[in-house]
Amino acid sequence: MPCALRTSELQLLLILSVFLVAVNVSWSVLVNTKVVLPCHHPDLLKAELMTWVIILRDKPPCTRAYRRDKNETLEQNCTDNRITWTFRPEQNFTLQIDPVAITHDGYYGCQIVTTDGNFLLGYHLQVSVAPEVTLFRSKNKTVVCKAIAGKPAAQISWTPEGDCVTEQECLDNGTVTVQSTCHWADSNVSTVFCSVSHWTGNKSQSIELSQGSQMLESISLLYIIFSIFIILVIVGSIWFLKISGCRKCKLKKTEATPVEEDEMQPYASYTEKNNPLYDTTNTVKTPQVLQSEVNEMDLHTL
């Protein structure tokens, strides 16, 4: 339901009903911008009295006037320094607000008194505030879309449509927060869009309904990949250690064989050196035996 009018706003409407304006303009402006409120008249230089009446929420009416006959400016209950003259009032009776705040929401009436009659021009200034949009998942598989502190209240729609509940909260500064909570019974819906419509501009955000399960699947997949990697590292380490051990064994065997040959070489050399002596001894002994046998035979012959 729309926010109810406050007592101060009802009083403002009663005050406005007193003014009989020839021209009434409704003007929507964005907060934190500059606004110029002109008050033109063909016989402005002939005007005897020019008056601005400013009626804002929860403040007494502000009056700014200029009397040409005395060339003086009068002000009453005007305390906002952001509302000033654009030029000198005797030359241009235009007001400016820089920058515009939410508190500048209200009525600005310009009255020009001339010898030919009175001219009235009124502005109903409506200050707009762009809402801040948030979108998040809530409990029980619901999604919440918020348009926070907007002025006027924003409109929220969903794509695809779901089972939604919309609420409004009126804040003290005149802004409105709109919250829409939706649930989708269709399990095939994976992505939803929240669209916020506002005078200051439209915004849209999306969210994944199954993001939680997708994250779990991603974590599980990473866990499996990490486990396989660890297993491969362990198997590779064992294989490397085994290969290294076999190489060391072969190296030890290869180094042991030349040592045995080196140990046998002195014996072989000794044998080779002794054999010639042995053969020489035998050679020497053999002629001596033959000579003795010949001598014996000679004795027998004699």
# chains A, B, ... in the order shown; residues from 1 in each chain; ligands from 1
>>> select_by_dssp(residues="segment 83-185 of chain A", states="strand (DSSP E)", output="MDAnalysis selection string")
chainID A and resid 83:85 95:97 106:114 117:128 132:137 142:150 155:159 163:170 176:183
>>> residues_around(residues="Cys145 of chain A", least_positions_apart="3", cutoff="10 Å", atoms="only C-alpha atoms", output="list in words")
Val133, Thr134, Leu135, Phe136, Arg137, Ile148, Ile156, Ser157, Trp158, Thr166, Val178, Gln179, Ser180, Thr181, Cys182, Phe193, Cys194, Ser195, Val196, Gln205 and Ser206 of chain A
>>> atom_distance(atom1="atom CA of Trp184 of chain A", atom2="atom CA of Ala153 of chain A")
25.2 Å
>>> residues_around(residues="Ser26 of chain A", least_positions_apart="4", cutoff="8 Å", atoms="only C-alpha atoms", output="list in words")
Tyr123, His124, Leu125 and Gln126 of chain A
>>> select_by_dssp(residues="segment 108-263 of chain A", states="helix (DSSP H, G or I)", output="PyMOL selection string")
chain A and resi 211-263
>>> write_last_selection(atoms="C-alpha atoms", output="tab-separated table (two decimals), in the first residue's frame")
chain	number	residue	atom	x	y	z
A	211	GLN	CA	24.69	-21.50	-7.31
A	212	GLY	CA	25.00	-23.32	-4.01
A	213	SER	CA	24.79	-26.78	-5.59
A	214	GLN	CA	27.10	-25.72	-8.40
A	215	MET	CA	29.65	-24.61	-5.84
A	216	LEU	CA	29.40	-27.98	-4.09
A	217	GLU	CA	29.89	-29.76	-7.41
A	218	SER	CA	32.90	-27.59	-8.18
A	219	ILE	CA	34.39	-28.28	-4.75
A	220	SER	CA	33.82	-32.02	-5.17
A	221	LEU	CA	35.45	-31.96	-8.60
A	222	LEU	CA	38.45	-30.08	-7.23
A	223	TYR	CA	38.70	-32.56	-4.37
A	224	ILE	CA	38.73	-35.50	-6.80
A	225	ILE	CA	41.37	-33.84	-9.01
A	226	PHE	CA	43.51	-33.06	-5.96
A	227	SER	CA	43.19	-36.65	-4.68
A	228	ILE	CA	44.23	-38.07	-8.06
A	229	PHE	CA	47.19	-35.68	-8.13
A	230	ILE	CA	48.33	-36.80	-4.67
A	231	ILE	CA	48.03	-40.47	-5.66
A	232	LEU	CA	50.07	-39.86	-8.81
A	233	VAL	CA	52.73	-38.04	-6.79
A	234	ILE	CA	52.97	-40.93	-4.31
A	235	VAL	CA	53.14	-43.59	-7.04
A	236	GLY	CA	55.70	-41.55	-8.94
A	237	SER	CA	57.82	-41.13	-5.81
A	238	ILE	CA	57.77	-44.87	-5.12
A	239	TRP	CA	58.69	-45.67	-8.73
A	240	PHE	CA	61.51	-43.13	-8.66
A	241	LEU	CA	62.91	-44.54	-5.43
A	242	LYS	CA	62.72	-48.08	-6.82
A	243	ILE	CA	64.54	-47.09	-10.03
A	244	SER	CA	67.17	-45.24	-8.06
A	245	GLY	CA	67.72	-48.30	-5.80
A	246	CYS	CA	68.16	-50.64	-8.77
A	247	ARG	CA	70.70	-48.31	-10.34
A	248	LYS	CA	72.71	-48.20	-7.12
A	249	CYS	CA	72.73	-52.04	-6.93
A	250	LYS	CA	74.01	-52.32	-10.50
A	251	LEU	CA	76.71	-49.75	-9.84
A	252	LYS	CA	77.90	-51.66	-6.76
A	253	LYS	CA	78.12	-54.95	-8.71
A	254	THR	CA	79.98	-53.24	-11.55
A	255	GLU	CA	82.48	-51.74	-9.12
A	256	ALA	CA	83.03	-55.07	-7.26
A	257	THR	CA	84.20	-57.10	-10.34
A	258	PRO	CA	87.32	-55.06	-11.23
A	259	VAL	CA	88.46	-55.26	-7.60
A	260	GLU	CA	88.61	-59.10	-7.76
A	261	GLU	CA	90.57	-58.97	-11.00
A	262	ASP	CA	93.02	-56.51	-9.50
A	263	GLU	CA	93.48	-58.83	-6.54
>>> closest_atom_pairs(of="segment 102-216 of chain A", to="segment 36-48 of chain A", cutoff="10 Å", atoms="only C-alpha atoms", output="Markdown table")
| residue | atom | partner | partner_atom | distance |
| --- | --- | --- | --- | --- |
| A:Tyr108 | CA | A:Leu37 | CA | 8.4 |
| A:Gly109 | CA | A:Cys39 | CA | 9.1 |
| A:Cys110 | CA | A:Cys39 | CA | 6.4 |
| A:Gln111 | CA | A:Cys39 | CA | 8.4 |
| A:Ile112 | CA | A:Ala47 | CA | 6.5 |
| A:Val113 | CA | A:Ala47 | CA | 5.8 |
| A:Thr114 | CA | A:Ala47 | CA | 4.6 |
| A:Thr115 | CA | A:Ala47 | CA | 7.5 |
| A:Asp116 | CA | A:Asp43 | CA | 9.2 |
| A:Gly117 | CA | A:Ala47 | CA | 9.6 |
| A:Asn118 | CA | A:Ala47 | CA | 9.3 |
| A:Phe119 | CA | A:His41 | CA | 7.8 |
| A:Leu120 | CA | A:Cys39 | CA | 9.0 |
| A:Leu121 | CA | A:Cys39 | CA | 7.2 |
| A:Gly122 | CA | A:Cys39 | CA | 9.3 |
| A:Tyr123 | CA | A:Leu37 | CA | 8.0 |
| A:Leu125 | CA | A:Leu37 | CA | 9.8 |
>>> write_last_selection(atoms="C-alpha atoms", output="PDB file, in the first residue's frame")
ATOM      1  CA  TYR A 108       7.591  27.666  -4.588  1.00  0.00           C
ATOM      2  CA  GLY A 109       5.231  30.510  -5.531  1.00  0.00           C
ATOM      3  CA  CYS A 110       6.186  33.670  -7.408  1.00  0.00           C
ATOM      4  CA  GLN A 111       3.905  36.732  -7.328  1.00  0.00           C
ATOM      5  CA  ILE A 112       4.491  39.876  -9.368  1.00  0.00           C
ATOM      6  CA  VAL A 113       2.441  43.002  -8.643  1.00  0.00           C
ATOM      7  CA  THR A 114       2.181  45.533 -11.469  1.00  0.00           C
ATOM      8  CA  THR A 115      -0.030  48.518 -12.236  1.00  0.00           C
ATOM      9  CA  ASP A 116      -1.919  46.290 -14.661  1.00  0.00           C
ATOM     10  CA  GLY A 117      -2.584  43.483 -12.195  1.00  0.00           C
ATOM     11  CA  ASN A 118      -0.979  40.536 -10.431  1.00  0.00           C
ATOM     12  CA  PHE A 119       0.811  37.596 -11.993  1.00  0.00           C
ATOM     13  CA  LEU A 120       1.102  34.299 -10.111  1.00  0.00           C
ATOM     14  CA  LEU A 121       3.286  31.304 -10.927  1.00  0.00           C
ATOM     15  CA  GLY A 122       3.632  28.242  -8.692  1.00  0.00           C
ATOM     16  CA  TYR A 123       6.046  25.285  -8.747  1.00  0.00           C
ATOM     17  CA  LEU A 125       8.872  20.689  -6.671  1.00  0.00           C
TER      18      LEU A 125
END
>>> atom_distance(atom1="atom CA of Thr159 of chain A", atom2="atom CA of Glu132 of chain A")
19.5 Å
>>> atom_distance(atom1="atom CA of His104 of chain A", atom2="atom CA of Val127 of chain A")
7.1 Å
>>> residues_around(residues="His198 of chain A", least_positions_apart="4", cutoff="7 Å", atoms="only C-alpha atoms", output="list in words")
Ala154, Gln155 and Asn202 of chain A
>>> closest_residue(among="A:Arg82, A:His183, A:Arg68, A:Lys34", to="Thr142 of chain A", atoms="only C-alpha atoms")
A:His183
